[in-house]
>>> print(open('query_28.cif').read())   # mmCIF, C-alpha atoms
data_start
#
loop_
_atom_site.group_PDB
_atom_site.id
_atom_site.type_symbol
_atom_site.label_atom_id
_atom_site.label_comp_id
_atom_site.auth_asym_id
_atom_site.auth_seq_id
_atom_site.Cartn_x
_atom_site.Cartn_y
_atom_site.Cartn_z
ATOM 1 C CA LEU O 966 -16.678 3.621 8.921
ATOM 2 C CA ALA O 967 -14.758 6.865 8.687
ATOM 3 C CA GLY O 968 -11.139 6.385 7.678
ATOM 4 C CA TYR O 969 -11.573 2.966 6.084
ATOM 5 C CA TRP O 970 -11.064 2.324 2.402
ATOM 6 C CA ARG O 971 -13.989 2.027 0.051
ATOM 7 C CA PRO O 972 -14.156 1.811 -3.767
ATOM 8 C CA THR O 973 -13.268 5.093 -5.458
ATOM 9 C CA PRO O 974 -14.688 6.873 -8.511
ATOM 10 C CA PRO O 975 -14.949 6.799 -11.404
ATOM 11 C CA ALA O 976 -14.914 2.998 -11.722
ATOM 12 C CA ASN O 977 -15.660 2.147 -8.057
ATOM 13 C CA LEU O 978 -13.855 -1.181 -8.405
ATOM 14 C CA ALA O 979 -13.477 -3.709 -5.616
ATOM 15 C CA ALA O 980 -10.005 -3.856 -4.058
ATOM 16 C CA GLN O 981 -7.342 -5.250 -6.396
ATOM 17 C CA TYR O 982 -4.051 -7.071 -5.614
ATOM 18 C CA THR O 983 -5.402 -8.514 -2.377
ATOM 19 C CA GLN O 984 -3.071 -11.502 -2.859
ATOM 20 C CA TYR O 985 0.069 -9.493 -2.185
ATOM 21 C CA PRO O 986 0.195 -10.058 1.593
ATOM 22 C CA TYR O 987 0.461 -13.786 0.848
ATOM 23 C CA VAL O 988 3.082 -13.867 -1.902
ATOM 24 C CA ARG O 989 6.648 -14.993 -1.310
ATOM 25 C CA GLY O 990 9.499 -12.559 -1.533
ATOM 26 C CA PHE O 991 12.755 -13.040 -3.401
ATOM 27 C CA VAL O 992 14.824 -11.866 -0.443
ATOM 28 C CA VAL O 993 12.466 -10.804 2.344
ATOM 29 C CA ASP O 994 10.566 -13.725 3.857
ATOM 30 C CA ASN O 995 7.174 -11.990 4.019
ATOM 31 C CA GLY O 996 5.448 -8.621 3.741
ATOM 32 C CA ARG O 997 5.560 -7.980 7.493
ATOM 33 C CA HIS O 998 9.317 -8.352 7.818
ATOM 34 C CA PHE O 999 9.829 -4.617 7.310
ATOM 35 C CA MET O 1000 6.334 -3.473 8.271
ATOM 36 C CA ILE O 1001 5.833 0.204 7.450
ATOM 37 C CA GLU O 1002 4.441 2.594 10.060
ATOM 38 C CA GLY O 1003 0.698 3.180 9.906
ATOM 39 C CA PRO O 1004 -1.117 6.458 9.187
ATOM 40 C CA PRO O 1005 -1.803 9.135 11.841
ATOM 41 C CA ALA O 1006 -5.152 9.251 13.619
ATOM 42 C CA LEU O 1007 -7.931 11.049 11.757
ATOM 43 C CA THR O 1008 -8.334 13.485 14.642
ATOM 44 C CA SER O 1009 -4.640 14.433 14.740
ATOM 45 C CA ALA O 1010 -3.073 17.701 13.616
ATOM 46 C CA ARG O 1011 -0.767 15.736 11.316
ATOM 47 C CA TYR O 1012 -3.692 14.167 9.491
ATOM 48 C CA ALA O 1013 -5.326 17.578 9.057
ATOM 49 C CA SER O 1014 -2.103 19.057 7.683
ATOM 50 C CA ASP O 1015 -1.664 16.251 5.174
ATOM 51 C CA PHE O 1016 -5.357 16.350 4.270
ATOM 52 C CA ASN O 1017 -5.273 20.060 3.517
ATOM 53 C CA GLU O 1018 -2.045 19.737 1.538
ATOM 54 C CA VAL O 1019 -3.359 17.080 -0.837
ATOM 55 C CA LYS O 1020 -6.737 18.788 -1.038
ATOM 56 C CA ALA O 1021 -5.033 21.930 -2.326
ATOM 57 C CA ILE O 1022 -2.241 20.543 -4.485
ATOM 58 C CA GLY O 1023 -3.762 17.293 -5.718
ATOM 59 C CA GLU O 1024 -7.078 18.560 -7.058
ATOM 60 C CA VAL O 1025 -7.558 18.112 -10.800
ATOM 61 C CA ASN O 1026 -7.635 21.867 -11.495
ATOM 62 C CA SER O 1027 -5.363 22.951 -8.633
ATOM 63 C CA THR O 1028 -3.832 26.412 -8.799
ATOM 64 C CA ALA O 1029 -1.377 25.460 -6.024
ATOM 65 C CA ARG O 1030 0.338 22.821 -8.177
ATOM 66 C CA THR O 1031 2.992 23.971 -10.634
ATOM 67 C CA ALA O 1032 3.082 22.908 -14.276
ATOM 68 C CA GLU O 1033 6.238 20.922 -13.537
ATOM 69 C CA GLN O 1034 4.548 19.078 -10.668
ATOM 70 C CA THR O 1035 1.561 18.300 -12.891
ATOM 71 C CA GLN O 1036 3.857 16.954 -15.578
ATOM 72 C CA MET O 1037 5.824 14.756 -13.196
ATOM 73 C CA ALA O 1038 2.712 13.435 -11.470
ATOM 74 C CA ARG O 1039 1.422 12.299 -14.842
ATOM 75 C CA LEU O 1040 4.709 10.880 -16.101
ATOM 76 C CA TRP O 1041 5.418 8.877 -12.942
ATOM 77 C CA ALA O 1042 1.863 7.522 -13.224
ATOM 78 C CA GLY O 1043 2.532 6.405 -16.794
ATOM 79 C CA VAL O 1044 0.162 8.906 -18.411
ATOM 80 C CA ASN O 1045 1.044 9.329 -22.117
ATOM 81 C CA THR O 1046 4.407 7.586 -21.760
ATOM 82 C CA ASN O 1047 5.840 4.121 -22.207
ATOM 83 C CA THR O 1048 8.585 4.911 -19.696
ATOM 84 C CA VAL O 1049 6.735 3.294 -16.810
ATOM 85 C CA ALA O 1050 7.832 3.823 -13.221
ATOM 86 C CA GLN O 1051 8.952 0.221 -12.795
ATOM 87 C CA ALA O 1052 11.427 0.662 -15.652
ATOM 88 C CA VAL O 1053 12.911 4.004 -14.594
ATOM 89 C CA TRP O 1054 15.331 2.570 -12.043
ATOM 90 C CA ASN O 1055 16.440 -0.137 -14.484
ATOM 91 C CA LEU O 1056 17.176 2.526 -17.090
ATOM 92 C CA VAL O 1057 19.261 4.487 -14.602
ATOM 93 C CA LEU O 1058 21.202 1.374 -13.600
ATOM 94 C CA GLY O 1059 21.864 0.463 -17.236
ATOM 95 C CA ASP O 1060 23.102 3.954 -18.074
ATOM 96 C CA LEU O 1061 25.397 4.163 -15.049
ATOM 97 C CA ALA O 1062 26.747 0.626 -15.497
ATOM 98 C CA ARG O 1063 27.855 1.578 -19.020
ATOM 99 C CA GLN O 1064 29.363 4.852 -17.825
ATOM 100 C CA LYS O 1065 31.284 3.099 -15.034
ATOM 101 C CA GLY O 1066 32.467 0.310 -17.319
ATOM 102 C CA TRP O 1067 30.906 -2.507 -15.315
ATOM 103 C CA ASN O 1068 31.478 -6.017 -16.620
ATOM 104 C CA GLY O 1069 28.650 -8.389 -17.489
ATOM 105 C CA VAL O 1070 28.640 -10.197 -14.154
ATOM 106 C CA ASP O 1071 28.429 -7.015 -12.061
ATOM 107 C CA THR O 1072 25.744 -5.597 -14.337
ATOM 108 C CA ALA O 1073 23.654 -8.777 -14.162
ATOM 109 C CA ARG O 1074 24.026 -8.819 -10.366
ATOM 110 C CA GLY O 1075 22.899 -5.194 -10.187
ATOM 111 C CA PHE O 1076 19.787 -5.781 -12.283
ATOM 112 C CA ALA O 1077 18.901 -8.915 -10.320
ATOM 113 C CA LEU O 1078 19.217 -7.167 -6.958
ATOM 114 C CA LEU O 1079 17.326 -4.096 -8.126
ATOM 115 C CA ASN O 1080 14.364 -6.070 -9.402
ATOM 116 C CA MET O 1081 14.208 -8.514 -6.494
ATOM 117 C CA VAL O 1082 14.109 -5.496 -4.198
ATOM 118 C CA GLN O 1083 11.401 -3.842 -6.281
ATOM 119 C CA HIS O 1084 9.207 -6.927 -5.969
ATOM 120 C CA ASP O 1085 9.768 -7.254 -2.225
ATOM 121 C CA ALA O 1086 9.139 -3.533 -1.715
ATOM 122 C CA LEU O 1087 5.743 -3.849 -3.396
ATOM 123 C CA MET O 1088 5.018 -6.943 -1.322
ATOM 124 C CA THR O 1089 5.841 -4.936 1.813
ATOM 125 C CA SER O 1090 3.795 -1.854 0.988
ATOM 126 C CA PHE O 1091 0.794 -3.818 -0.272
ATOM 127 C CA THR O 1092 0.810 -5.835 2.935
ATOM 128 C CA GLY O 1093 0.587 -2.602 4.913
ATOM 129 C CA LYS O 1094 -2.287 -1.377 2.760
ATOM 130 C CA PHE O 1095 -4.440 -4.364 3.636
ATOM 131 C CA VAL O 1096 -3.473 -4.177 7.303
ATOM 132 C CA TYR O 1097 -4.310 -0.475 7.740
ATOM 133 C CA GLY O 1098 -7.084 -0.166 5.135
ATOM 134 C CA LEU O 1099 -6.892 3.649 5.004
ATOM 135 C CA TRP O 1100 -9.270 5.544 2.762
ATOM 136 C CA ARG O 1101 -7.920 7.464 -0.200
ATOM 137 C CA PRO O 1102 -7.809 11.282 -0.361
ATOM 138 C CA ILE O 1103 -10.765 11.452 -2.752
ATOM 139 C CA THR O 1104 -12.936 9.635 -0.197
ATOM 140 C CA ALA O 1105 -11.464 11.475 2.776
ATOM 141 C CA ILE O 1106 -12.069 14.895 1.236
ATOM 142 C CA ARG O 1107 -15.576 14.173 0.028
ATOM 143 C CA LEU O 1108 -16.540 12.728 3.433
ATOM 144 C CA ALA O 1109 -14.484 14.975 5.713
ATOM 145 C CA ASP O 1110 -17.565 15.870 7.730
ATOM 146 C CA GLN O 1111 -17.347 12.319 9.130
ATOM 147 C CA ASP O 1112 -13.696 12.276 10.250
ATOM 148 C CA GLY O 1113 -14.123 14.037 13.615
ATOM 149 C CA ASN O 1114 -11.425 16.581 12.824
ATOM 150 C CA SER O 1115 -12.448 20.240 13.032
ATOM 151 C CA ALA O 1116 -9.482 21.271 10.857
ATOM 152 C CA THR O 1117 -10.769 19.454 7.763
ATOM 153 C CA ASP O 1118 -13.635 20.578 5.552
ATOM 154 C CA ALA O 1119 -15.560 18.383 3.150
ATOM 155 C CA ASP O 1120 -15.796 19.024 -0.574
ATOM 156 C CA PRO O 1121 -18.270 16.511 -2.062
ATOM 157 C CA ASN O 1122 -17.189 17.351 -5.624
ATOM 158 C CA TRP O 1123 -13.414 17.128 -5.136
ATOM 159 C CA THR O 1124 -11.574 15.140 -7.813
ATOM 160 C CA SER O 1125 -7.892 14.212 -7.964
ATOM 161 C CA LEU O 1126 -5.530 14.898 -10.864
ATOM 162 C CA LEU O 1127 -4.756 11.185 -11.222
ATOM 163 C CA THR O 1128 -7.288 8.397 -11.192
ATOM 164 C CA THR O 1129 -7.103 6.711 -7.793
ATOM 165 C CA PRO O 1130 -5.848 3.090 -7.866
ATOM 166 C CA PRO O 1131 -8.345 0.472 -6.615
ATOM 167 C CA TYR O 1132 -6.846 -0.400 -3.229
ATOM 168 C CA PRO O 1133 -6.211 1.288 0.154
ATOM 169 C CA SER O 1134 -3.927 4.268 0.588
ATOM 170 C CA ALA O 1135 -1.272 3.776 3.278
ATOM 171 C CA PRO O 1136 1.578 3.057 2.907
ATOM 172 C CA GLY O 1137 2.664 4.379 -0.486
ATOM 173 C CA ASN O 1138 3.735 1.837 -3.109
ATOM 174 C CA MET O 1139 5.678 4.262 -5.284
ATOM 175 C CA ALA O 1140 7.433 5.751 -2.261
ATOM 176 C CA CYS O 1141 8.411 2.281 -1.068
ATOM 177 C CA ILE O 1142 9.735 1.357 -4.494
ATOM 178 C CA GLY O 1143 11.701 4.607 -4.695
ATOM 179 C CA GLY O 1144 13.106 4.281 -1.192
ATOM 180 C CA SER O 1145 14.186 0.682 -1.678
ATOM 181 C CA GLN O 1146 15.592 1.229 -5.173
ATOM 182 C CA SER O 1147 17.541 4.349 -4.214
ATOM 183 C CA ARG O 1148 19.226 2.540 -1.315
ATOM 184 C CA THR O 1149 20.039 -0.443 -3.518
ATOM 185 C CA MET O 1150 21.619 1.889 -6.076
ATOM 186 C CA GLU O 1151 23.548 3.701 -3.356
ATOM 187 C CA ARG O 1152 24.953 0.389 -2.136
ATOM 188 C CA LEU O 1153 25.798 -0.792 -5.652
ATOM 189 C CA PHE O 1154 27.605 2.420 -6.625
ATOM 190 C CA GLY O 1155 29.049 3.209 -3.198
ATOM 191 C CA GLN O 1156 27.450 6.649 -2.875
ATOM 192 C CA ASP O 1157 24.147 8.463 -3.280
ATOM 193 C CA ASP O 1158 25.303 11.668 -4.948
ATOM 194 C CA VAL O 1159 25.693 10.306 -8.467
ATOM 195 C CA ILE O 1160 24.596 12.585 -11.322
ATOM 196 C CA PHE O 1161 22.342 10.976 -13.938
ATOM 197 C CA SER O 1162 19.431 11.752 -16.241
ATOM 198 C CA VAL O 1163 16.071 10.090 -16.908
ATOM 199 C CA THR O 1164 14.157 10.466 -20.173
ATOM 200 C CA TRP O 1165 10.404 9.882 -20.396
ATOM 201 C CA VAL O 1166 9.314 9.143 -23.978
ATOM 202 C CA GLN O 1167 5.864 10.623 -24.567
ATOM 203 C CA GLY O 1168 3.209 9.572 -27.039
ATOM 204 C CA GLY O 1169 1.148 11.556 -29.519
ATOM 205 C CA GLY O 1170 4.120 13.409 -30.915
ATOM 206 C CA ALA O 1171 4.852 15.193 -27.625
ATOM 207 C CA PRO O 1172 8.563 15.822 -27.010
ATOM 208 C CA ALA O 1173 10.476 13.557 -24.663
ATOM 209 C CA VAL O 1174 11.074 14.884 -21.152
ATOM 210 C CA THR O 1175 14.634 14.588 -19.821
ATOM 211 C CA ARG O 1176 15.457 15.499 -16.229
ATOM 212 C CA THR O 1177 18.810 15.449 -14.449
ATOM 213 C CA TYR O 1178 19.209 14.400 -10.821
ATOM 214 C CA GLY O 1179 22.023 14.851 -8.349
ATOM 215 C CA GLY O 1180 21.468 11.596 -6.496
ATOM 216 C CA PHE O 1181 19.329 8.507 -6.123
ATOM 217 C CA LEU O 1182 17.373 9.810 -3.134
ATOM 218 C CA GLN O 1183 16.391 12.904 -5.122
ATOM 219 C CA LEU O 1184 14.769 10.681 -7.751
ATOM 220 C CA ALA O 1185 13.038 8.594 -5.074
ATOM 221 C CA THR O 1186 11.693 11.704 -3.349
ATOM 222 C CA GLU O 1187 10.241 13.000 -6.611
ATOM 223 C CA GLU O 1188 8.647 9.606 -7.235
ATOM 224 C CA ALA O 1189 7.017 9.731 -3.787
ATOM 225 C CA ASN O 1190 5.926 13.364 -4.088
ATOM 226 C CA SER O 1191 4.351 12.707 -7.478
ATOM 227 C CA ARG O 1192 1.560 10.793 -5.744
ATOM 228 C CA ILE O 1193 0.743 13.765 -3.520
ATOM 229 C CA TRP O 1194 0.795 16.126 -6.501
ATOM 230 C CA GLY O 1195 -1.522 13.669 -8.252
ATOM 231 C CA GLY O 1196 -3.987 13.731 -5.344
ATOM 232 C CA ILE O 1197 -3.878 10.035 -4.510
ATOM 233 C CA HIS O 1198 -1.701 9.897 -1.364
ATOM 234 C CA PHE O 1199 -1.185 11.723 1.916
ATOM 235 C CA ARG O 1200 2.327 12.889 2.821
ATOM 236 C CA ALA O 1201 2.629 10.844 6.041
ATOM 237 C CA GLU O 1202 2.264 7.570 4.194
ATOM 238 C CA THR O 1203 4.835 8.467 1.551
ATOM 239 C CA GLN O 1204 7.292 9.575 4.241
ATOM 240 C CA ALA O 1205 6.745 6.345 6.165
ATOM 241 C CA SER O 1206 7.598 4.336 3.049
ATOM 242 C CA LEU O 1207 10.667 6.451 2.270
ATOM 243 C CA GLY O 1208 11.820 5.972 5.848
ATOM 244 C CA GLN O 1209 11.379 2.200 6.085
ATOM 245 C CA CYS O 1210 11.776 0.739 2.615
ATOM 246 C CA PRO O 1211 15.499 1.519 2.189
ATOM 247 C CA ARG O 1212 16.013 -1.268 4.729
ATOM 248 C CA ILE O 1213 14.790 -3.735 2.090
ATOM 249 C CA GLY O 1214 17.584 -2.614 -0.222
ATOM 250 C CA ASP O 1215 20.175 -2.954 2.529
ATOM 251 C CA TYR O 1216 18.867 -6.394 3.462
ATOM 252 C CA ALA O 1217 19.050 -7.609 -0.131
ATOM 253 C CA VAL O 1218 22.585 -6.373 -0.736
ATOM 254 C CA ASP O 1219 23.770 -7.813 2.585
ATOM 255 C CA ASN O 1220 22.130 -11.214 2.158
ATOM 256 C CA SER O 1221 21.720 -12.004 -1.549
ATOM 257 C CA LEU O 1222 23.988 -12.525 -4.572
ATOM 258 C CA ARG O 1223 27.072 -11.720 -2.543
ATOM 259 C CA ARG O 1224 30.441 -11.831 -4.249
ATOM 260 C CA ARG O 1225 32.595 -14.841 -3.362
#
>>> encode(input="query_28.cif", output="structure tokens")
Amino acid sequence: LAGYWRPTPPANLAAQYTQYPYVRGFVVDNGRHFMIEGPPALTSARYASDFNEVKAIGEVNSTARTAEQTQMARLWAGVNTNTVAQAVWNLVLGDLARQKGWNGVDTARGFALLNMVQHDALMTSFTGKFVYGLWRPITAIRLADQDGNSATDADPNWTSLLTTPPYPSAPGNMACIGGSQSRTMERLFGQDDVIFSVTWVQGGGAPAVTRTYGGFLQLATEEANSRIWGGIHFRAETQASLGQCPRIGDYAVDNSLRRR
């Protein structure tokens, strides 16, 4: 059926991580506790707008995507770097804890909260994926003549910059992680507008990439956008995750590992 997920090229694997809706959270009781909003209807103007955006900017040889966007899409996806996305927020916390002179107890509490939230964010977004079952951009674009929307045009040869992960699209995992982690960091440090840098160490002799950010939400927004630039997510689903998943961070800080 149009709109529903199906295996994606090149590997055309069956859906992976189907167990996530049934795992237990560290803080949140289940993946529906903070259920993320579903995707817009295929026939809507919003869907067409998001479709045409990712079709233009996420294509493997896109001329609409800047070199910087290409680089960050690849780095956030772990292409040619050992600085994986799951570690980025931990690196930022470690750097800032040293700069602020945190003691061992506060630092351990920060790392524990950050990583419990990261797990529960993934549990939340994966649950939504298997509830909504939305097709990925590569499928949507190749089969756009089936979506009932006159504002979308099919391209049967369209290929994304990044290889599409083997599971449904909405909501966005990386956007949920970024949204939840940025709020957790904001709560831990008492403000969002903290200046920090992130360094991605590249392989093959390529120079490391260091970027400076003016706040935690800025980093989270780049993390979410990287999936659109990479051609594997629609904007509505990343925005839905960025809007809802900070609540997981708030919930964790308010209910877990509280100071006595």
>>> atom_distance(input="query_28.cif", atom1="atom CA of O:Arg1107", atom2="atom CA of O:Glu1024")
11.9 Å
>>> atom_distance(input="query_28.cif", atom1="atom CA of O:Pro972", atom2="atom CA of O:Thr1104")
8.7 Å
>>> residues_near_point(input="query_28.cif", point="(18.2, -1.4, -0.6)", cutoff="8 Å", atoms="all atoms listed in the file", output="ChimeraX atom specification")
/O:1082,1144-1152,1210-1218
>>> residues_around(input="query_28.cif", residues="O:Asp1157", least_positions_apart="6", cutoff="7 Å", atoms="only C-alpha atoms", output="number ranges by chain")
O: 1151, 1180-1182
>>> resolve_selection(input="query_28.cif", expression="the PyMOL selection byres ((chain O and resi 1071) around 12)", output="PyMOL selection string")
chain O and resi 1058-1059+1061-1063+1065-1070+1072-1078+1153-1154+1222-1224
>>> closest_residue(input="query_28.cif", among="O:Ile1142, O:Leu978, O:Val1159, O:Ala1050", to="O:Ala1038", atoms="all atoms listed in the file")
O:Ala1050
>>> residues_around(input="query_28.cif", residues="O:Thr1128", least_positions_apart="3", cutoff="10 Å", atoms="all atoms listed in the file", output="count of residues only")
13
>>> resolve_selection(input="query_28.cif", expression="the PyMOL selection byres ((chain O and resi 1049) around 12)", output="list in words")
Arg1039, Leu1040, Trp1041, Ala1042, Gly1043, Val1044, Asn1045, Thr1046, Asn1047, Thr1048, Ala1050, Gln1051, Ala1052, Val1053, Trp1054, Asn1055, Leu1056, Met1139, Val1163, Thr1164, Trp1165, Val1166, Gln1167 and Glu1188 of chain O
>>> atom_distance(input="query_28.cif", atom1="atom CA of O:Thr1203", atom2="atom CA of O:Ala1140")
5.4 Å
>>> closest_residue(input="query_28.cif", among="O:Ala1029, O:Ala1086, O:Ala1201, O:Ala1185", to="O:Phe999", atoms="only C-alpha atoms")
O:Ala1086
>>> residues_around(input="query_28.cif", residues="O:Ala1116", least_positions_apart="6", cutoff="12 Å", atoms="only C-alpha atoms", output="PyMOL selection string")
chain O and resi 1007-1017+1106+1109-1110
>>> closest_residue(input="query_28.cif", among="O:Ala1006, O:Leu1079, O:Ile1001, O:Leu1087", to="O:Tyr982", atoms="all atoms listed in the file")
O:Leu1087
>>> decode(input="query_28.cif", residues="stretch 1060-1072 of chain O", atoms="N, CA, C and O atoms", output="compact mmCIF listing (two decimals), in the first residue's frame")
# COMPACT_ATOMS: atom_id res chain seq x y z
N ASP O 1060 33.51 17.27 28.34
CA ASP O 1060 34.28 18.51 28.17
C ASP O 1060 33.76 19.62 29.09
O ASP O 1060 34.54 20.31 29.76
N LEU O 1061 32.45 19.78 29.12
CA LEU O 1061 31.86 20.87 29.91
C LEU O 1061 31.98 20.60 31.40
O LEU O 1061 32.17 21.53 32.19
N ALA O 1062 31.87 19.33 31.81
CA ALA O 1062 32.02 19.00 33.23
C ALA O 1062 33.42 19.38 33.72
O ALA O 1062 33.59 19.91 34.83
N ARG O 1063 34.43 19.12 32.89
CA ARG O 1063 35.80 19.52 33.25
C ARG O 1063 35.93 21.03 33.31
O ARG O 1063 36.55 21.57 34.24
N GLN O 1064 35.36 21.71 32.31
CA GLN O 1064 35.46 23.17 32.28
C GLN O 1064 34.78 23.81 33.49
O GLN O 1064 35.26 24.80 34.04
N LYS O 1065 33.66 23.24 33.91
CA LYS O 1065 32.89 23.80 35.03
C LYS O 1065 33.39 23.32 36.38
O LYS O 1065 32.91 23.77 37.42
N GLY O 1066 34.36 22.40 36.38
CA GLY O 1066 34.90 21.92 37.63
C GLY O 1066 33.96 21.04 38.42
O GLY O 1066 34.00 21.03 39.66
N TRP O 1067 33.12 20.27 37.72
CA TRP O 1067 32.21 19.37 38.43
C TRP O 1067 32.98 18.32 39.22
O TRP O 1067 34.05 17.86 38.78
N ASN O 1068 32.43 17.91 40.35
CA ASN O 1068 33.04 16.82 41.11
C ASN O 1068 32.62 15.48 40.52
O ASN O 1068 31.80 15.41 39.60
N GLY O 1069 33.19 14.40 41.06
CA GLY O 1069 32.93 13.08 40.51
C GLY O 1069 31.49 12.65 40.59
O GLY O 1069 30.96 12.01 39.67
N VAL O 1070 30.83 12.98 41.69
CA VAL O 1070 29.43 12.58 41.87
C VAL O 1070 28.53 13.28 40.85
O VAL O 1070 27.69 12.64 40.20
N ASP O 1071 28.68 14.58 40.68
CA ASP O 1071 27.86 15.31 39.72
C ASP O 1071 28.12 14.84 38.29
O ASP O 1071 27.21 14.75 37.47
N THR O 1072 29.39 14.56 38.00
CA THR O 1072 29.73 14.09 36.65
C THR O 1072 29.12 12.72 36.39
O THR O 1072 28.54 12.48 35.31
